[in-house]
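Trainee: Starting off with a structure, shown below.
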Amino acid sequence: MSAQSAKEELEKKLKTYVGIETGPPQVAPEPVNESMILHWCEVMGDRNPAYVDAEAAKRTVHGGIVAPPTMLQAWILTGIEMANPATMRPNKQTELHQLLSDHGYTSVVATNCEQGYTRYLHPGDRVATTTTIESISEEKATALGIGYFINTRDVFRDQRGEEVGWMTFRVLKFKPAQQPQAAPSAGGAPAKPTRMRAPRAFDNAWWWEAIDRGELLIQRCKGCGTLRHPPRPMCGKCQSLEWDSIPSKGEGKVYSFTVLHHPQFPGYEYPLVCAVVELTDGIRMVSNIVDCDPDAVEIGMSVRLSVEAVDESLKLPLFRPVKK
Ligand SMILES: [Zn+2]
């Protein structure tokens with residue numbers, strides 16, 4: 001079969017999945033309960049009394065504890081078995097993913113998720129969800145590789161069959177782009193492996209481009225002046241999307257650190273000191289402490305920024321101890 005007709009054959013099969021439910025409704029393993037709500041709120045740092053304070057919750061419009069709406073999907077997740085897809089019950093969605101894997105689209109990445117909430121869930125509610133494969137895109141070329149976007153829609157219902165919320169989820173099932181082969185060096189020996197590259201995208205490329213020039217910039221909110229790192233689109237304090245940046249003074253102290261010995265990844269030298277550095281500018285960043293015996297690194301130690309080339313095409317903001 002030619003590549004073209006194999007692709008047509010695959011796409012014909014893909015079409016048969018559009019619009020179908022992936023399987024019978026998935027029922028939450030546990031009813032909505034206060035313990036899980038409390039744990040969720042603790043992790044999220046959410047102290048809304050309607051979620052965590054039974055007495056205060058009685059005086060709200062809810063008349064008692066309710067679950068944070070954003071917990072919607074948490075109720076139907078099946079726990080640790082999700083870590084091992086082999087143990088999960090097969091359904092139309094796993095079948096679709098397998099079909100694409102069999103055709104070389106072996107990798108998957110989640111790209112979008114939206115949720116909507118119809119009503120608050122109360123302890124004792126039992127949620128069930130049905131998942132429909134809403135659409136499958138044409139084959140698309142992406143930075144990760146070529147693949148298909150799969151959109152699913154979950155509808156969440158309570159024990160009476162009434163809708164309580166919905167979720168759309170999009171994944172890209174793709175053929176991972178071939179990594180460039182390390183070119184042999186002049187002497188014929190294989191090229192030295194290089195460090196893993198951090199992704200550069202719309203929200204952080206400007207920061208890496210400054211590093212390429214040997215400069216460490218810190219993002220600053222134009223609304224309230226708060227500094228933030230790593231770069232991101234919105235201010236966590238005032239929600240402004242307007243920002244500029246200031247050059248770092250490059251002075252700081254080790255706030256926390258760890259020394260990595262194993263596992264050893266190609267391109268890194270071990271032992272490797274990974275530290276959270278608190279800059280006098282007012283942000284913290286994760287970096288490496290170099291030019292220092294790992295045993296000599298201490299919390300509170302003064303360090304100075306040094307933007308250095310770690311291989312032929314990558315510069316990183318590293319820190320060296322300030323010699324007393
Ligand atoms: Zn702000």
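Order determines the names: the first chain of the structure tokens is A, the second B, and so forth; residues in each chain are numbered 1 upward, and ligands are numbered 1 upward as they are shown.
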Can you tell me which residues come within 7 Å of ligand 1 when counting only C-alpha atoms and all ligand atoms, ideally as a list of chain:residue names?
Mentor: A:Cys221, A:Lys222, A:Gly223, A:Cys224, A:Gly225, A:Thr226, A:Cys235, A:Gly236, A:Lys237, A:Cys238, A:Gln239, A:Ser240
Trainee: Those residues with N, CA and C atoms, as a PDB file, in the first residue's frame please?
Mentor:
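Output below, filename result01.pdb:
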ATOM      1  N   CYS A 221       5.458  43.960  36.143  1.00  0.00           N
ATOM      2  CA  CYS A 221       4.076  44.325  35.819  1.00  0.00           C
ATOM      3  C   CYS A 221       3.989  45.828  35.626  1.00  0.00           C
ATOM      4  N   LYS A 222       3.339  46.252  34.525  1.00  0.00           N
ATOM      5  CA  LYS A 222       3.178  47.686  34.289  1.00  0.00           C
ATOM      6  C   LYS A 222       2.027  48.245  35.117  1.00  0.00           C
ATOM      7  N   GLY A 223       1.165  47.340  35.603  1.00  0.00           N
ATOM      8  CA  GLY A 223       0.026  47.789  36.394  1.00  0.00           C
ATOM      9  C   GLY A 223       0.447  48.138  37.817  1.00  0.00           C
ATOM     10  N   CYS A 224       1.184  47.219  38.472  1.00  0.00           N
ATOM     11  CA  CYS A 224       1.477  47.429  39.894  1.00  0.00           C
ATOM     12  C   CYS A 224       2.977  47.364  40.204  1.00  0.00           C
ATOM     13  N   GLY A 225       3.793  47.096  39.190  1.00  0.00           N
ATOM     14  CA  GLY A 225       5.241  47.130  39.399  1.00  0.00           C
ATOM     15  C   GLY A 225       5.824  45.856  39.973  1.00  0.00           C
ATOM     16  N   THR A 226       4.975  44.839  40.255  1.00  0.00           N
ATOM     17  CA  THR A 226       5.486  43.587  40.832  1.00  0.00           C
ATOM     18  C   THR A 226       6.386  42.867  39.823  1.00  0.00           C
ATOM     19  N   CYS A 235       0.002  39.234  35.523  1.00  0.00           N
ATOM     20  CA  CYS A 235       0.452  39.523  36.881  1.00  0.00           C
ATOM     21  C   CYS A 235      -0.438  38.766  37.873  1.00  0.00           C
ATOM     22  N   GLY A 236       0.199  38.029  38.797  1.00  0.00           N
ATOM     23  CA  GLY A 236      -0.550  37.275  39.797  1.00  0.00           C
ATOM     24  C   GLY A 236      -1.160  38.169  40.862  1.00  0.00           C
ATOM     25  N   LYS A 237      -0.697  39.414  40.952  1.00  0.00           N
ATOM     26  CA  LYS A 237      -1.207  40.330  41.977  1.00  0.00           C
ATOM     27  C   LYS A 237      -2.390  41.130  41.483  1.00  0.00           C
ATOM     28  N   CYS A 238      -2.243  41.747  40.283  1.00  0.00           N
ATOM     29  CA  CYS A 238      -3.307  42.655  39.825  1.00  0.00           C
ATOM     30  C   CYS A 238      -3.936  42.198  38.510  1.00  0.00           C
ATOM     31  N   GLN A 239      -3.504  41.059  37.995  1.00  0.00           N
ATOM     32  CA  GLN A 239      -4.074  40.479  36.775  1.00  0.00           C
ATOM     33  C   GLN A 239      -3.842  41.315  35.518  1.00  0.00           C
ATOM     34  N   SER A 240      -2.917  42.267  35.592  1.00  0.00           N
ATOM     35  CA  SER A 240      -2.622  43.052  34.390  1.00  0.00           C
ATOM     36  C   SER A 240      -1.859  42.201  33.386  1.00  0.00           C
TER      37      SER A 240
END
Trainee: For range 223-261 of chain A versus range 279-289 of chain A, which residues have an atom no more than 7 Å away, and what is each residue's nearest atom pair and distance in Å rounded to one decimal, using only C-alpha atoms, chain-then-number order, as JSON lines?
Mentor:
{"residue": "A:Leu227", "atom": "CA", "partner": "A:Ile283", "partner_atom": "CA", "distance": 6.7}
{"residue": "A:Arg228", "atom": "CA", "partner": "A:Ile283", "partner_atom": "CA", "distance": 6.5}
{"residue": "A:His229", "atom": "CA", "partner": "A:Ile283", "partner_atom": "CA", "distance": 6.6}
{"residue": "A:Ser248", "atom": "CA", "partner": "A:Asp281", "partner_atom": "CA", "distance": 6.4}
{"residue": "A:Lys249", "atom": "CA", "partner": "A:Asp281", "partner_atom": "CA", "distance": 6.6}
{"residue": "A:Gly250", "atom": "CA", "partner": "A:Leu279", "partner_atom": "CA", "distance": 6.9}
{"residue": "A:Glu251", "atom": "CA", "partner": "A:Leu279", "partner_atom": "CA", "distance": 5.7}
{"residue": "A:Gly252", "atom": "CA", "partner": "A:Leu279", "partner_atom": "CA", "distance": 4.0}
{"residue": "A:Lys253", "atom": "CA", "partner": "A:Leu279", "partner_atom": "CA", "distance": 6.5}
Trainee: For those residues, write all heavy atoms to a file as an mmCIF file, in the first residue's frame.
Mentor:
data_model
loop_
_atom_site.group_PDB
_atom_site.id
_atom_site.type_symbol
_atom_site.label_atom_id
_atom_site.label_comp_id
_atom_site.auth_asym_id
_atom_site.auth_seq_id
_atom_site.Cartn_x
_atom_site.Cartn_y
_atom_site.Cartn_z
ATOM 1 N N LEU A 227 7.535 42.399 40.344
ATOM 2 C CA LEU A 227 8.438 41.616 39.492
ATOM 3 C C LEU A 227 7.988 40.164 39.500
ATOM 4 O O LEU A 227 7.461 39.686 40.512
ATOM 5 C CB LEU A 227 9.863 41.711 40.024
ATOM 6 C CG LEU A 227 10.471 43.108 40.075
ATOM 7 C CD1 LEU A 227 11.849 43.048 40.709
ATOM 8 C CD2 LEU A 227 10.552 43.732 38.674
ATOM 9 N N ARG A 228 8.214 39.470 38.403
ATOM 10 C CA ARG A 228 7.871 38.045 38.392
ATOM 11 C C ARG A 228 8.836 37.234 37.535
ATOM 12 O O ARG A 228 9.393 37.716 36.563
ATOM 13 C CB ARG A 228 6.425 37.821 37.961
ATOM 14 C CG ARG A 228 6.091 38.252 36.535
ATOM 15 C CD ARG A 228 4.598 38.001 36.297
ATOM 16 N NE ARG A 228 4.183 38.186 34.917
ATOM 17 C CZ ARG A 228 3.639 39.312 34.452
ATOM 18 N NH1 ARG A 228 3.484 40.366 35.234
ATOM 19 N NH2 ARG A 228 3.261 39.394 33.191
ATOM 20 N N HIS A 229 8.993 35.983 37.963
ATOM 21 C CA HIS A 229 9.829 35.047 37.250
ATOM 22 C C HIS A 229 9.357 33.650 37.622
ATOM 23 O O HIS A 229 9.025 33.409 38.780
ATOM 24 C CB HIS A 229 11.314 35.227 37.652
ATOM 25 C CG HIS A 229 12.208 34.289 36.911
ATOM 26 N ND1 HIS A 229 12.669 34.567 35.646
ATOM 27 C CD2 HIS A 229 12.655 33.047 37.221
ATOM 28 C CE1 HIS A 229 13.395 33.536 35.226
ATOM 29 N NE2 HIS A 229 13.401 32.607 36.167
ATOM 30 N N SER A 248 18.534 42.604 35.644
ATOM 31 C CA SER A 248 18.864 42.182 37.005
ATOM 32 C C SER A 248 20.214 42.742 37.405
ATOM 33 O O SER A 248 21.109 42.880 36.578
ATOM 34 C CB SER A 248 18.910 40.658 37.064
ATOM 35 O OG SER A 248 19.497 40.249 38.285
ATOM 36 N N LYS A 249 20.358 43.048 38.716
ATOM 37 C CA LYS A 249 21.661 43.492 39.214
ATOM 38 C C LYS A 249 22.618 42.294 39.316
ATOM 39 O O LYS A 249 23.817 42.460 39.447
ATOM 40 C CB LYS A 249 21.507 44.154 40.587
ATOM 41 C CG LYS A 249 20.772 45.485 40.516
ATOM 42 C CD LYS A 249 21.008 46.298 41.774
ATOM 43 C CE LYS A 249 19.856 46.469 42.723
ATOM 44 N NZ LYS A 249 18.494 46.353 42.365
ATOM 45 N N GLY A 250 22.047 41.089 39.294
ATOM 46 C CA GLY A 250 22.901 39.894 39.266
ATOM 47 C C GLY A 250 23.473 39.493 40.610
ATOM 48 O O GLY A 250 24.384 38.686 40.680
ATOM 49 N N GLU A 251 22.925 40.069 41.695
ATOM 50 C CA GLU A 251 23.429 39.722 43.026
ATOM 51 C C GLU A 251 22.364 38.942 43.781
ATOM 52 O O GLU A 251 21.177 39.274 43.686
ATOM 53 C CB GLU A 251 23.731 40.991 43.834
ATOM 54 C CG GLU A 251 24.900 41.775 43.291
ATOM 55 C CD GLU A 251 24.860 43.229 43.726
ATOM 56 O OE1 GLU A 251 24.016 43.593 44.570
ATOM 57 O OE2 GLU A 251 25.679 43.982 43.178
ATOM 58 N N GLY A 252 22.800 37.927 44.518
ATOM 59 C CA GLY A 252 21.801 37.164 45.261
ATOM 60 C C GLY A 252 22.423 36.260 46.300
ATOM 61 O O GLY A 252 23.633 36.280 46.532
ATOM 62 N N LYS A 253 21.526 35.477 46.907
ATOM 63 C CA LYS A 253 21.943 34.528 47.938
ATOM 64 C C LYS A 253 21.291 33.187 47.626
ATOM 65 O O LYS A 253 20.200 33.139 47.044
ATOM 66 C CB LYS A 253 21.446 34.999 49.307
ATOM 67 C CG LYS A 253 22.301 36.090 49.946
ATOM 68 C CD LYS A 253 21.758 36.371 51.333
ATOM 69 C CE LYS A 253 22.594 37.254 52.215
ATOM 70 N NZ LYS A 253 23.576 38.138 51.703
#
Trainee: A:Glu11, A:Tyr120, A:Leu100, A:Leu314: which is nearest Val61 in chain A, counting only C-alpha atoms?
Mentor: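 Result for the nearest residue to Val61 in chain A: A:Tyr120.
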Trainee: With only C-alpha atoms as the basis for distance, which of A:Phe257, A:Trp208, A:Trp75, A:Tyr270 is at the shortest distance from Phe156 in chain A?
Mentor: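 Closest candidate: A:Trp75.
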Trainee: Would you mind listing, for every residue of range 70-123 of chain A within 12 Å of range 35-55 of chain A, the two atoms forming the shortest contact and the distance between them in Å to one decimal, using only C-alpha atoms, sorted by chain and ascending residue number, as a Markdown table?
Mentor:
| residue | atom | partner | partner_atom | distance |
| --- | --- | --- | --- | --- |
| A:Thr70 | CA | A:Trp40 | CA | 9.9 |
| A:Met71 | CA | A:Trp40 | CA | 7.8 |
| A:Leu72 | CA | A:Ile37 | CA | 10.9 |
| A:Ala74 | CA | A:Trp40 | CA | 9.2 |
| A:Trp75 | CA | A:Met36 | CA | 8.9 |
| A:Tyr120 | CA | A:Tyr51 | CA | 10.7 |
| A:Leu121 | CA | A:Ile37 | CA | 10.6 |
| A:His122 | CA | A:Tyr51 | CA | 9.8 |
| A:Pro123 | CA | A:Ile37 | CA | 9.0 |
